[in-house]
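Asks: Supplied structure: final_0.pdb, PDB, C-alpha atoms.
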ATOM      1  CA  MET A  29     -53.655 -22.390   2.824  1.00  0.00           C
ATOM      2  CA  LEU A  30     -52.528 -19.351   0.823  1.00  0.00           C
ATOM      3  CA  THR A  31     -52.476 -15.906   2.400  1.00  0.00           C
ATOM      4  CA  LEU A  32     -52.032 -12.631   0.552  1.00  0.00           C
ATOM      5  CA  GLY A  33     -50.426 -10.084   2.863  1.00  0.00           C
ATOM      6  CA  ILE A  34     -50.392  -6.362   2.062  1.00  0.00           C
ATOM      7  CA  GLU A  35     -48.280  -3.764   3.889  1.00  0.00           C
ATOM      8  CA  THR A  36     -48.488   0.022   3.418  1.00  0.00           C
ATOM      9  CA  SER A  37     -47.907   1.421   6.900  1.00  0.00           C
ATOM     10  CA  CYS A  38     -45.279   3.979   5.913  1.00  0.00           C
ATOM     11  CA  ASP A  39     -43.392   4.499   2.655  1.00  0.00           C
ATOM     12  CA  ASP A  40     -42.890   1.007   1.192  1.00  0.00           C
ATOM     13  CA  THR A  41     -45.632  -0.820  -0.675  1.00  0.00           C
ATOM     14  CA  ALA A  42     -45.354  -4.572  -0.122  1.00  0.00           C
ATOM     15  CA  ALA A  43     -47.291  -7.715  -0.937  1.00  0.00           C
ATOM     16  CA  ALA A  44     -46.460 -11.299  -0.060  1.00  0.00           C
ATOM     17  CA  VAL A  45     -47.977 -14.705  -0.617  1.00  0.00           C
ATOM     18  CA  LEU A  46     -47.534 -17.178   2.231  1.00  0.00           C
ATOM     19  CA  GLU A  47     -48.292 -20.866   2.097  1.00  0.00           C
ATOM     20  CA  ASP A  48     -49.400 -22.607   5.282  1.00  0.00           C
ATOM     21  CA  ASP A  49     -48.390 -19.635   7.458  1.00  0.00           C
ATOM     22  CA  THR A  50     -44.622 -20.132   7.202  1.00  0.00           C
ATOM     23  CA  TYR A  51     -43.454 -20.643   3.614  1.00  0.00           C
ATOM     24  CA  ILE A  52     -42.982 -17.367   1.738  1.00  0.00           C
ATOM     25  CA  ARG A  53     -43.853 -18.049  -1.903  1.00  0.00           C
ATOM     26  CA  ALA A  54     -43.407 -14.404  -2.932  1.00  0.00           C
ATOM     27  CA  ASN A  55     -42.418 -11.114  -1.328  1.00  0.00           C
ATOM     28  CA  VAL A  56     -42.461  -7.942  -3.439  1.00  0.00           C
ATOM     29  CA  ILE A  57     -41.500  -4.505  -2.112  1.00  0.00           C
ATOM     30  CA  SER A  58     -41.675  -1.173  -3.897  1.00  0.00           C
ATOM     31  CA  SER A  59     -39.442   1.334  -2.122  1.00  0.00           C
ATOM     32  CA  GLN A  60     -40.086   5.069  -2.050  1.00  0.00           C
ATOM     33  CA  ASP A  61     -36.574   6.017  -0.888  1.00  0.00           C
ATOM     34  CA  MET A  62     -35.774   8.020  -4.012  1.00  0.00           C
ATOM     35  CA  ILE A  63     -38.966  10.066  -3.669  1.00  0.00           C
ATOM     36  CA  HIS A  64     -38.485  11.105  -0.036  1.00  0.00           C
ATOM     37  CA  THR A  65     -34.688  11.505   0.121  1.00  0.00           C
ATOM     38  CA  ARG A  66     -34.745  14.977  -1.414  1.00  0.00           C
ATOM     39  CA  PHE A  67     -37.089  16.144   1.369  1.00  0.00           C
ATOM     40  CA  GLY A  68     -34.930  14.774   4.176  1.00  0.00           C
ATOM     41  CA  GLY A  69     -37.709  12.506   5.408  1.00  0.00           C
ATOM     42  CA  ILE A  70     -40.999  10.894   4.534  1.00  0.00           C
ATOM     43  CA  VAL A  71     -43.728  13.197   3.242  1.00  0.00           C
ATOM     44  CA  PRO A  72     -46.982  11.449   4.229  1.00  0.00           C
ATOM     45  CA  GLU A  73     -49.094  12.775   1.340  1.00  0.00           C
ATOM     46  CA  LEU A  74     -46.505  11.703  -1.239  1.00  0.00           C
ATOM     47  CA  ALA A  75     -46.265   8.285   0.402  1.00  0.00           C
ATOM     48  CA  SER A  76     -50.031   7.792   0.158  1.00  0.00           C
ATOM     49  CA  ARG A  77     -50.113   8.814  -3.489  1.00  0.00           C
ATOM     50  CA  ARG A  78     -47.269   6.474  -4.360  1.00  0.00           C
ATOM     51  CA  HIS A  79     -49.032   3.596  -2.584  1.00  0.00           C
ATOM     52  CA  MET A  80     -52.077   4.210  -4.790  1.00  0.00           C
ATOM     53  CA  GLU A  81     -49.866   4.022  -7.879  1.00  0.00           C
ATOM     54  CA  SER A  82     -47.960   0.920  -6.753  1.00  0.00           C
ATOM     55  CA  ILE A  83     -50.327  -1.342  -4.838  1.00  0.00           C
ATOM     56  CA  THR A  84     -51.957  -3.099  -7.792  1.00  0.00           C
ATOM     57  CA  VAL A  85     -48.627  -3.604  -9.579  1.00  0.00           C
ATOM     58  CA  VAL A  86     -46.941  -4.940  -6.432  1.00  0.00           C
ATOM     59  CA  THR A  87     -49.849  -7.273  -5.668  1.00  0.00           C
ATOM     60  CA  ARG A  88     -49.926  -8.644  -9.221  1.00  0.00           C
ATOM     61  CA  GLU A  89     -46.172  -9.196  -9.144  1.00  0.00           C
ATOM     62  CA  ALA A  90     -46.407 -11.119  -5.861  1.00  0.00           C
ATOM     63  CA  LEU A  91     -49.175 -13.320  -7.258  1.00  0.00           C
ATOM     64  CA  ASP A  92     -47.177 -13.909 -10.459  1.00  0.00           C
ATOM     65  CA  GLN A  93     -44.026 -14.833  -8.523  1.00  0.00           C
ATOM     66  CA  ALA A  94     -46.052 -17.233  -6.365  1.00  0.00           C
ATOM     67  CA  HIS A  95     -47.708 -18.714  -9.479  1.00  0.00           C
ATOM     68  CA  VAL A  96     -51.198 -18.242  -8.052  1.00  0.00           C
ATOM     69  CA  SER A  97     -54.306 -16.296  -8.985  1.00  0.00           C
ATOM     70  CA  LEU A  98     -56.411 -14.153  -6.678  1.00  0.00           C
ATOM     71  CA  ASN A  99     -59.087 -16.850  -6.758  1.00  0.00           C
ATOM     72  CA  GLU A 100     -56.619 -19.330  -5.216  1.00  0.00           C
ATOM     73  CA  ILE A 101     -55.940 -17.056  -2.233  1.00  0.00           C
ATOM     74  CA  ASP A 102     -57.665 -18.271   0.950  1.00  0.00           C
ATOM     75  CA  LEU A 103     -57.125 -15.263   3.233  1.00  0.00           C
ATOM     76  CA  ILE A 104     -56.246 -11.597   2.794  1.00  0.00           C
ATOM     77  CA  ALA A 105     -54.264  -9.875   5.554  1.00  0.00           C
ATOM     78  CA  VAL A 106     -53.250  -6.225   5.780  1.00  0.00           C
ATOM     79  CA  THR A 107     -51.455  -3.911   8.164  1.00  0.00           C
ATOM     80  CA  GLN A 108     -54.060  -1.977  10.159  1.00  0.00           C
ATOM     81  CA  GLY A 109     -51.706   0.201  12.206  1.00  0.00           C
ATOM     82  CA  PRO A 110     -49.764   1.833  13.643  1.00  0.00           C
ATOM     83  CA  GLY A 111     -48.441   3.876  10.757  1.00  0.00           C
ATOM     84  CA  LEU A 112     -49.160   6.888   8.573  1.00  0.00           C
ATOM     85  CA  ILE A 113     -52.940   7.147   8.375  1.00  0.00           C
ATOM     86  CA  GLY A 114     -53.081   7.935   4.644  1.00  0.00           C
ATOM     87  CA  SER A 115     -50.740   5.075   3.800  1.00  0.00           C
ATOM     88  CA  LEU A 116     -52.667   2.666   6.013  1.00  0.00           C
ATOM     89  CA  LEU A 117     -55.968   3.677   4.415  1.00  0.00           C
ATOM     90  CA  VAL A 118     -54.659   2.881   0.928  1.00  0.00           C
ATOM     91  CA  GLY A 119     -53.579  -0.639   1.865  1.00  0.00           C
ATOM     92  CA  PHE A 120     -56.537  -1.362   4.135  1.00  0.00           C
ATOM     93  CA  SER A 121     -59.105  -0.171   1.587  1.00  0.00           C
ATOM     94  CA  TYR A 122     -57.443  -2.119  -1.224  1.00  0.00           C
ATOM     95  CA  ALA A 123     -57.227  -5.334   0.798  1.00  0.00           C
ATOM     96  CA  LYS A 124     -60.768  -5.000   2.145  1.00  0.00           C
ATOM     97  CA  ALA A 125     -62.122  -4.405  -1.375  1.00  0.00           C
ATOM     98  CA  LEU A 126     -60.301  -7.512  -2.648  1.00  0.00           C
ATOM     99  CA  ALA A 127     -61.640  -9.614   0.205  1.00  0.00           C
ATOM    100  CA  PHE A 128     -65.182  -8.356  -0.287  1.00  0.00           C
ATOM    101  CA  THR A 129     -65.098  -8.796  -4.069  1.00  0.00           C
ATOM    102  CA  LEU A 130     -63.614 -12.298  -3.875  1.00  0.00           C
ATOM    103  CA  ASN A 131     -65.654 -13.318  -0.815  1.00  0.00           C
ATOM    104  CA  LYS A 132     -62.463 -14.194   1.085  1.00  0.00           C
ATOM    105  CA  PRO A 133     -61.763 -13.916   4.818  1.00  0.00           C
ATOM    106  CA  PHE A 134     -60.030 -10.693   5.835  1.00  0.00           C
ATOM    107  CA  VAL A 135     -57.816  -9.902   8.818  1.00  0.00           C
ATOM    108  CA  GLY A 136     -56.125  -6.713   9.975  1.00  0.00           C
ATOM    109  CA  VAL A 137     -52.662  -7.161  11.469  1.00  0.00           C
ATOM    110  CA  ASP A 138     -50.967  -4.915  14.020  1.00  0.00           C
ATOM    111  CA  HIS A 139     -47.765  -3.554  12.488  1.00  0.00           C
ATOM    112  CA  MET A 140     -45.607  -4.020  15.588  1.00  0.00           C
ATOM    113  CA  THR A 141     -46.948  -7.508  16.267  1.00  0.00           C
ATOM    114  CA  GLY A 142     -46.125  -8.399  12.675  1.00  0.00           C
ATOM    115  CA  HIS A 143     -42.507  -7.339  13.176  1.00  0.00           C
ATOM    116  CA  LEU A 144     -42.234  -9.378  16.369  1.00  0.00           C
ATOM    117  CA  LEU A 145     -43.833 -12.517  14.959  1.00  0.00           C
ATOM    118  CA  SER A 146     -41.939 -12.405  11.646  1.00  0.00           C
ATOM    119  CA  SER A 147     -39.035 -14.121  13.396  1.00  0.00           C
ATOM    120  CA  PHE A 148     -41.178 -17.272  13.478  1.00  0.00           C
ATOM    121  CA  LEU A 149     -40.964 -17.469   9.681  1.00  0.00           C
ATOM    122  CA  GLU A 150     -37.303 -18.430   9.967  1.00  0.00           C
ATOM    123  CA  LYS A 151     -36.187 -22.016   9.712  1.00  0.00           C
ATOM    124  CA  ASP A 152     -34.541 -21.847  13.141  1.00  0.00           C
ATOM    125  CA  LYS A 153     -37.238 -20.600  15.475  1.00  0.00           C
ATOM    126  CA  PRO A 154     -36.093 -18.331  18.302  1.00  0.00           C
ATOM    127  CA  SER A 155     -35.895 -19.825  21.758  1.00  0.00           C
ATOM    128  CA  PHE A 156     -37.221 -17.879  24.674  1.00  0.00           C
ATOM    129  CA  PRO A 157     -35.456 -17.626  28.041  1.00  0.00           C
ATOM    130  CA  TYR A 158     -38.694 -18.176  29.956  1.00  0.00           C
TER     131      TYR A 158
END
Would you write the structure of this file as structure tokens?

Replies:
Amino acid sequence: MLTLGIETSCDDTAAAVLEDDTYIRANVISSQDMIHTRFGGIVPELASRRHMESITVVTREALDQAHVSLNEIDLIAVTQGPGLIGSLLVGFSYAKALAFTLNKPFVGVDHMTGHLLSSFLEKDKPSFPY
């Protein structure tokens, strides 16, 4: 199974292609550090605008690196929150439109849960003390 994951919760635009839930075939990130540094922090409106400029390019690059087409994707996942509302709306709307257009399943992912569960992508899975 191939999953296209899209992340735009703050100031980085990211897209990844995962195979069978654990193998990362591609992971592309477009950083906005240079844009926000001069302001001393993230400017939400600028972040949203940059996501709109970057999301298609980042997604295409991830698909190219994974050597797959959008038609081969089985599931589209996207960060649904928490995060900057404008940034989240860009990614969510883009991912939802792709899923609708391609008639693919769609799932929203909690940002914090994604961070926690990303450790399970590692070769050596964490062991729990309980």

Asks: What gap, in Å, lies between atom CA of A:Ser59 and atom CA of A:Val45?

Replies: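 Computing it gives 18.2 Å between the two atoms.
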
Asks: For stretch 108-117 of chain A, please output as a list in words all residues within 8 Å (counting all atoms listed in the file; exclusion window: fewer than 4 positions along the same chain).

Replies: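 The filter keeps Thr36, Ser37, Cys38, Asp39, Pro72, Glu73, Ala75, Ser76, His79, Ser121, Gly136, Val137, Asp138, His139 and Met140 of chain A.
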
Asks: Save out the residues we just selected, C-alpha atoms, as an mmCIF file, in the frame of the given file.

Replies:
data_model
loop_
_atom_site.group_PDB
_atom_site.id
_atom_site.type_symbol
_atom_site.label_atom_id
_atom_site.label_comp_id
_atom_site.auth_asym_id
_atom_site.auth_seq_id
_atom_site.Cartn_x
_atom_site.Cartn_y
_atom_site.Cartn_z
ATOM 1 C CA THR A 36 -48.488 0.022 3.418
ATOM 2 C CA SER A 37 -47.907 1.421 6.900
ATOM 3 C CA CYS A 38 -45.279 3.979 5.913
ATOM 4 C CA ASP A 39 -43.392 4.499 2.655
ATOM 5 C CA PRO A 72 -46.982 11.449 4.229
ATOM 6 C CA GLU A 73 -49.094 12.775 1.340
ATOM 7 C CA ALA A 75 -46.265 8.285 0.402
ATOM 8 C CA SER A 76 -50.031 7.792 0.158
ATOM 9 C CA HIS A 79 -49.032 3.596 -2.584
ATOM 10 C CA SER A 121 -59.105 -0.171 1.587
ATOM 11 C CA GLY A 136 -56.125 -6.713 9.975
ATOM 12 C CA VAL A 137 -52.662 -7.161 11.469
ATOM 13 C CA ASP A 138 -50.967 -4.915 14.020
ATOM 14 C CA HIS A 139 -47.765 -3.554 12.488
ATOM 15 C CA MET A 140 -45.607 -4.020 15.588
#

Asks: Between atom CA of A:Arg77 and atom CA of A:Ser58, what is the spacing in Å?

Replies: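 Pair atom CA of A:Ser58 / atom CA of A:Arg77 returns 13.1 Å.
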
Asks: Rounded to one decimal in Å, what is the spacing between atom CA of A:Gln60 and atom CA of A:Glu47?

Replies: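 Between these atoms lies a distance of 27.5 Å.
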
Asks: Mind giving me the axis-aligned box for stretch 33-39 of chain A with 3 Å on every side, centre plus edges in Å to one decimal, as AutoDock Vina command-line options?

Replies:
--center_x -46.9 --center_y -2.8 --center_z 4.5 --size_x 13.0 --size_y 20.6 --size_z 10.8

Asks: From the options A:Ala42, A:Ala123, A:Leu30, A:Leu130, which residue's atoms come nearest to A:Ala105, counting all atoms listed in the file?

Replies: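 For A:Ala105, the nearest of the candidates is A:Ala123.
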
Asks: So which one's closest to A:Met80, A:Leu126, A:Leu145, A:Ala54, A:Val118? Using all atoms listed in the file, please.

Replies: A:Val118

Asks: Between A:Glu89, A:Asp61, A:Asp152, A:Asp102, which one has atoms that come closest to A:Asp48, using only C-alpha atoms?

Replies: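 Selected residue with least distance to A:Asp48: A:Asp102.
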
Asks: I'd like to know which of A:Leu149, A:Ala127, A:Ile52, A:Met62 is closest to A:Val106, using all atoms listed in the file.

Replies: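 For A:Val106, the nearest of the candidates is A:Ala127.
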
Asks: I need the residue nearest A:His95 from this list: A:Arg53, A:His64, A:Tyr122, A:Thr31. Use all atoms listed in the file for the distance.

Replies: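 Under the stated criterion, the closest residue is A:Arg53.
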
Asks: Between A:Gln93, A:Asn55, A:Asn99, A:Thr84, single out the one closest to A:Asn131, counting all atoms listed in the file.

Replies: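 Nearest to A:Asn131: A:Asn99.
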
Asks: Write out as a list in words each polymer residue whose atoms come within 10 Å of A:Arg88, counting all atoms listed in the file; drop sequence neighbours fewer than 5 positions from it.

Replies: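 Once the nearby chain positions are removed, what remains is Ala43, Val56, Ile83, Gln93, Ala94, Val96, Ser97 and Leu98 of chain A.
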